[in-house]
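Visitor: Quick one, run-v6.cif (mmCIF, C-alpha atoms):
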```
data_coords
#
loop_
_atom_site.group_PDB
_atom_site.id
_atom_site.type_symbol
_atom_site.label_atom_id
_atom_site.label_comp_id
_atom_site.auth_asym_id
_atom_site.auth_seq_id
_atom_site.Cartn_x
_atom_site.Cartn_y
_atom_site.Cartn_z
ATOM 1 C CA MET G 1 6.983 57.214 -18.529
ATOM 2 C CA ALA G 2 7.782 55.032 -21.535
ATOM 3 C CA TRP G 3 5.389 52.170 -22.192
ATOM 4 C CA THR G 4 8.254 49.703 -21.706
ATOM 5 C CA ASP G 5 8.798 50.947 -18.141
ATOM 6 C CA LEU G 6 5.078 50.721 -17.378
ATOM 7 C CA TYR G 7 4.967 47.229 -18.891
ATOM 8 C CA ARG G 8 7.904 46.022 -16.776
ATOM 9 C CA SER G 9 6.360 47.523 -13.627
ATOM 10 C CA ARG G 10 3.168 45.515 -14.157
ATOM 11 C CA LEU G 11 4.721 42.145 -14.997
ATOM 12 C CA MET G 12 4.099 39.420 -12.416
ATOM 13 C CA THR G 13 4.022 35.664 -12.195
ATOM 14 C CA ALA G 14 0.843 33.726 -12.848
ATOM 15 C CA GLU G 15 0.880 32.629 -9.211
ATOM 16 C CA LYS G 16 0.971 36.221 -7.963
ATOM 17 C CA ALA G 17 -1.744 37.385 -10.375
ATOM 18 C CA LEU G 18 -4.076 34.496 -9.544
ATOM 19 C CA GLY G 19 -3.256 34.892 -5.865
ATOM 20 C CA ARG G 20 -5.431 38.000 -5.987
ATOM 21 C CA LEU G 21 -8.522 35.844 -6.527
ATOM 22 C CA ARG G 22 -10.721 35.253 -3.533
ATOM 23 C CA SER G 23 -13.323 32.631 -2.790
ATOM 24 C CA GLY G 24 -16.554 33.526 -4.528
ATOM 25 C CA SER G 25 -14.812 35.413 -7.349
ATOM 26 C CA GLY G 26 -16.182 35.250 -10.883
ATOM 27 C CA VAL G 27 -13.462 34.457 -13.429
ATOM 28 C CA MET G 28 -14.046 34.782 -17.170
ATOM 29 C CA VAL G 29 -11.629 32.569 -19.123
ATOM 30 C CA SER G 30 -10.948 33.420 -22.750
ATOM 31 C CA SER G 31 -12.071 30.737 -25.178
ATOM 32 C CA GLY G 32 -10.724 28.636 -27.982
ATOM 33 C CA CYS G 33 -7.221 29.415 -29.206
ATOM 34 C CA GLY G 34 -7.198 32.465 -26.888
ATOM 35 C CA GLU G 35 -7.448 30.274 -23.808
ATOM 36 C CA PRO G 36 -4.451 31.085 -21.572
ATOM 37 C CA ARG G 37 -3.296 27.522 -20.877
ATOM 38 C CA HIS G 38 -0.583 28.539 -18.403
ATOM 39 C CA LEU G 39 -3.042 30.571 -16.326
ATOM 40 C CA VAL G 40 -5.647 27.783 -16.413
ATOM 41 C CA SER G 41 -3.056 25.258 -15.211
ATOM 42 C CA GLU G 42 -1.995 27.607 -12.422
ATOM 43 C CA LEU G 43 -5.641 28.168 -11.437
ATOM 44 C CA ALA G 44 -6.107 24.398 -11.110
ATOM 45 C CA ARG G 45 -2.934 24.186 -9.011
ATOM 46 C CA LEU G 46 -4.247 26.887 -6.632
ATOM 47 C CA ALA G 47 -7.608 25.119 -6.182
ATOM 48 C CA PRO G 48 -6.939 23.935 -2.590
ATOM 49 C CA GLN G 49 -6.752 27.586 -1.507
ATOM 50 C CA LEU G 50 -10.063 28.556 -3.156
ATOM 51 C CA HIS G 51 -13.760 27.926 -2.577
ATOM 52 C CA ASP G 52 -16.685 28.526 -4.948
ATOM 53 C CA VAL G 53 -14.779 30.389 -7.659
ATOM 54 C CA LYS G 54 -17.151 30.755 -10.592
ATOM 55 C CA ILE G 55 -15.406 29.909 -13.863
ATOM 56 C CA ILE G 56 -17.225 31.312 -16.875
ATOM 57 C CA GLN G 57 -16.153 30.356 -20.377
ATOM 58 C CA ALA G 58 -17.790 30.066 -23.776
ATOM 59 C CA ILE G 59 -15.840 26.998 -24.895
ATOM 60 C CA SER G 60 -12.633 25.254 -23.980
ATOM 61 C CA VAL G 61 -10.691 23.325 -26.574
ATOM 62 C CA ALA G 62 -8.238 21.973 -24.008
ATOM 63 C CA THR G 63 -8.518 19.249 -21.399
ATOM 64 C CA GLU G 64 -10.674 20.403 -18.524
ATOM 65 C CA GLU G 65 -8.055 20.515 -15.790
ATOM 66 C CA TYR G 66 -10.443 22.018 -13.256
ATOM 67 C CA ALA G 67 -13.613 20.079 -14.138
ATOM 68 C CA SER G 68 -13.122 16.843 -12.208
ATOM 69 C CA GLU G 69 -14.855 15.949 -8.947
ATOM 70 C CA SER G 70 -11.708 16.818 -7.016
ATOM 71 C CA PHE G 71 -12.369 20.493 -7.779
ATOM 72 C CA ASP G 72 -16.055 20.559 -6.714
ATOM 73 C CA GLU G 73 -15.332 22.665 -3.619
ATOM 74 C CA ALA G 74 -13.082 25.119 -5.439
ATOM 75 C CA PHE G 75 -14.866 25.781 -8.743
ATOM 76 C CA THR G 76 -18.336 26.220 -10.159
ATOM 77 C CA ILE G 77 -18.252 26.022 -13.947
ATOM 78 C CA THR G 78 -20.567 27.781 -16.388
ATOM 79 C CA ARG G 79 -20.270 27.196 -20.126
ATOM 80 C CA PHE G 80 -22.117 28.609 -23.102
ATOM 81 C CA PHE G 81 -21.132 25.728 -25.370
ATOM 82 C CA VAL G 82 -20.602 22.108 -24.349
ATOM 83 C CA ALA G 83 -17.477 20.654 -25.952
ATOM 84 C CA ALA G 84 -16.204 17.112 -25.498
ATOM 85 C CA GLY G 85 -13.965 17.951 -22.524
ATOM 86 C CA ILE G 86 -16.862 19.149 -20.357
ATOM 87 C CA ARG G 87 -19.787 17.086 -21.728
ATOM 88 C CA GLN G 88 -19.621 14.399 -19.008
ATOM 89 C CA VAL G 89 -19.369 16.998 -16.230
ATOM 90 C CA VAL G 90 -22.416 18.884 -17.559
ATOM 91 C CA SER G 91 -24.446 15.685 -17.963
ATOM 92 C CA GLU G 92 -23.685 14.801 -14.314
ATOM 93 C CA GLY G 93 -24.861 18.232 -13.177
ATOM 94 C CA ALA G 94 -21.412 19.293 -11.942
ATOM 95 C CA ALA G 95 -21.213 22.194 -14.433
ATOM 96 C CA ASP G 96 -23.832 24.570 -15.789
ATOM 97 C CA TYR G 97 -24.665 24.987 -19.457
ATOM 98 C CA VAL G 98 -26.282 28.289 -20.376
ATOM 99 C CA PRO G 99 -27.329 28.561 -24.023
ATOM 100 C CA LEU G 100 -27.057 32.118 -25.317
ATOM 101 C CA TYR G 101 -25.983 34.224 -28.245
ATOM 102 C CA LEU G 102 -22.364 35.249 -27.715
ATOM 103 C CA SER G 103 -23.407 38.761 -28.738
ATOM 104 C CA ASP G 104 -25.421 38.882 -25.462
ATOM 105 C CA LEU G 105 -22.320 38.303 -23.345
ATOM 106 C CA PRO G 106 -21.071 41.931 -23.074
ATOM 107 C CA GLU G 107 -24.461 43.091 -21.752
ATOM 108 C CA LEU G 108 -24.613 40.252 -19.218
ATOM 109 C CA ILE G 109 -21.196 41.286 -17.901
ATOM 110 C CA SER G 110 -21.719 45.068 -17.924
ATOM 111 C CA SER G 111 -25.142 44.754 -16.265
ATOM 112 C CA GLY G 112 -23.663 42.675 -13.453
ATOM 113 C CA ARG G 113 -25.962 39.720 -14.116
ATOM 114 C CA LEU G 114 -22.865 37.667 -14.875
ATOM 115 C CA GLY G 115 -20.462 38.542 -12.074
ATOM 116 C CA VAL G 116 -16.948 38.841 -13.477
ATOM 117 C CA ASP G 117 -14.180 39.945 -11.109
ATOM 118 C CA ALA G 118 -11.240 38.865 -13.273
ATOM 119 C CA ALA G 119 -10.610 37.852 -16.866
ATOM 120 C CA LEU G 120 -7.923 35.400 -17.896
ATOM 121 C CA ILE G 121 -6.922 36.202 -21.464
ATOM 122 C CA GLN G 122 -4.015 35.510 -23.782
ATOM 123 C CA VAL G 123 -2.477 38.318 -25.815
ATOM 124 C CA SER G 124 0.467 38.690 -28.140
ATOM 125 C CA PRO G 125 3.706 40.237 -26.896
ATOM 126 C CA PRO G 126 3.622 44.038 -27.246
ATOM 127 C CA ASP G 127 4.782 45.524 -30.541
ATOM 128 C CA GLU G 128 7.215 48.438 -30.777
ATOM 129 C CA HIS G 129 4.403 50.821 -29.764
ATOM 130 C CA GLY G 130 3.278 48.750 -26.781
ATOM 131 C CA TRP G 131 0.116 47.422 -28.418
ATOM 132 C CA CYS G 132 -0.969 43.810 -27.844
ATOM 133 C CA SER G 133 -3.353 41.784 -29.962
ATOM 134 C CA LEU G 134 -6.110 39.516 -28.696
#
```
How does this structure look as structure tokens?

Guide:
Amino acid sequence: MAWTDLYRSRLMTAEKALGRLRSGSGVMVSSGCGEPRHLVSELARLAPQLHDVKIIQAISVATEEYASESFDEAFTITRFFVAAGIRQVVSEGAADYVPLYLSDLPELISSGRLGVDAALIQVSPPDEHGWCSL
């Protein structure tokens, strides 16, 4: 099978992909300029259908769409850096701040101490060989 056929067979809407999340899921969201804004917006839109989804992210440079009180039932937020968009939420105790070295993150995930069921990442479109860049 050519990579283009495999790629087309796996394409789906953000709604369908995020519809696979269940209450209690751990979701790692890529940080900084790799933050998948469309997926984050869709996750916020699906909040009424979710309960206690753990959102884990190093830092967000965007507006915290899912960090207001209206999402308390749907999301639990853990951050490893407190940027302006989440500072108020952390100071009120509505989000967790966990200081760590980012180099410790892979071990926390692979050991299961940081439960990650899904990762929301942004990649480039595939090149002529089917490779994507983070």

Visitor: Identify which of the residues G:Leu6, G:Ala119, G:Ala44, G:Ala83 lies closest to Gly32 (chain G), counting all atoms listed in the file when measuring atom-to-atom distances.

Guide: G:Ala83

Visitor: Tell me which of G:Lys54, G:Ala2, G:Ser124, G:Leu46 sits closest to Lys16 (chain G), counting all atoms listed in the file.

Guide: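 Result for the nearest residue to Lys16 (chain G): G:Leu46.
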
Visitor: Quick one: pull the distance between CA of Val29 (chain G) and CA of Ser111 (chain G), Å, one decimal.

Guide: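 Atom-to-atom, CA of Val29 (chain G) and CA of Ser111 (chain G) are spaced 18.4 Å apart.
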
Visitor: Using the chain letters and numbering of this document, enumerate as number ranges by chain the residues selected by the PyMOL selection byres ((chain G and resi 93) around 12).

Guide: G: 67-69, 72, 76-78, 86-92, 94-97

Visitor: For a test of reading the model, state the distance in Å between CA of Pro99 (chain G) and CA of Arg22 (chain G), rounded to one decimal.

Guide: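 Separation of CA of Pro99 (chain G) and CA of Arg22 (chain G): 27.2 Å.
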
Visitor: Would you mind listing what lies within 10 Å of Leu21 (chain G) as a VMD selection string, with only C-alpha atoms counted and same-chain residues fewer than 4 positions away left out?

Guide: chain G and resid 16 to 17 25 to 27 43 46 49 to 50 53 117 to 118

Visitor: Pull the neighbourhood of (-24.2, 35.2, -25.4) for me: all residues within 12 Å in file coordinates, counting only C-alpha atoms, as a PDB file with C-alpha atoms, in the frame of the given file.

Guide:
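The resulting file, point20.pdb, is reproduced below:
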```
ATOM      1  CA  ILE G  56     -17.225  31.312 -16.875  1.00  0.00           C
ATOM      2  CA  GLN G  57     -16.153  30.356 -20.377  1.00  0.00           C
ATOM      3  CA  ALA G  58     -17.790  30.066 -23.776  1.00  0.00           C
ATOM      4  CA  ILE G  59     -15.840  26.998 -24.895  1.00  0.00           C
ATOM      5  CA  ARG G  79     -20.270  27.196 -20.126  1.00  0.00           C
ATOM      6  CA  PHE G  80     -22.117  28.609 -23.102  1.00  0.00           C
ATOM      7  CA  PHE G  81     -21.132  25.728 -25.370  1.00  0.00           C
ATOM      8  CA  TYR G  97     -24.665  24.987 -19.457  1.00  0.00           C
ATOM      9  CA  VAL G  98     -26.282  28.289 -20.376  1.00  0.00           C
ATOM     10  CA  PRO G  99     -27.329  28.561 -24.023  1.00  0.00           C
ATOM     11  CA  LEU G 100     -27.057  32.118 -25.317  1.00  0.00           C
ATOM     12  CA  TYR G 101     -25.983  34.224 -28.245  1.00  0.00           C
ATOM     13  CA  LEU G 102     -22.364  35.249 -27.715  1.00  0.00           C
ATOM     14  CA  SER G 103     -23.407  38.761 -28.738  1.00  0.00           C
ATOM     15  CA  ASP G 104     -25.421  38.882 -25.462  1.00  0.00           C
ATOM     16  CA  LEU G 105     -22.320  38.303 -23.345  1.00  0.00           C
ATOM     17  CA  PRO G 106     -21.071  41.931 -23.074  1.00  0.00           C
ATOM     18  CA  GLU G 107     -24.461  43.091 -21.752  1.00  0.00           C
ATOM     19  CA  LEU G 108     -24.613  40.252 -19.218  1.00  0.00           C
ATOM     20  CA  ILE G 109     -21.196  41.286 -17.901  1.00  0.00           C
ATOM     21  CA  LEU G 114     -22.865  37.667 -14.875  1.00  0.00           C
TER      22      LEU G 114
END
```

Visitor: For the file shown, what are the residues hit by the PyMOL selection byres ((chain G and resi 14) around 8), laid out as an NGL selection string?

Guide: :G and (12-13 or 15-18 or 38-39 or 42)

Visitor: So what do you get for CA of Ser23 (chain G) versus CA of Val40 (chain G), distance-wise?

Guide: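 Taking CA of Ser23 (chain G) and CA of Val40 (chain G), their separation equals 16.4 Å.
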
Visitor: For a quick check of understanding, using only C-alpha atoms, which of G:Phe71, G:Ser110, G:Ser30, G:Thr4 has the smallest distance to Glu128 (chain G)?

Guide: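 Residue with the minimum atom-to-atom distance to Glu128 (chain G): G:Thr4.
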
Visitor: Which is closer to Cys132 (chain G) than all the others in G:Glu73, G:Trp3, G:Gly24, G:Arg113, using all atoms listed in the file?

Guide: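 Ranked by minimum distance to Cys132 (chain G), first place goes to G:Trp3.
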
Visitor: Give me the result of the PyMOL selection byres ((chain G and resi 121) around 6) on this file, residue by residue, as JSON, numbers by chain.

Guide: {"G": [30, 36, 120, 122]}
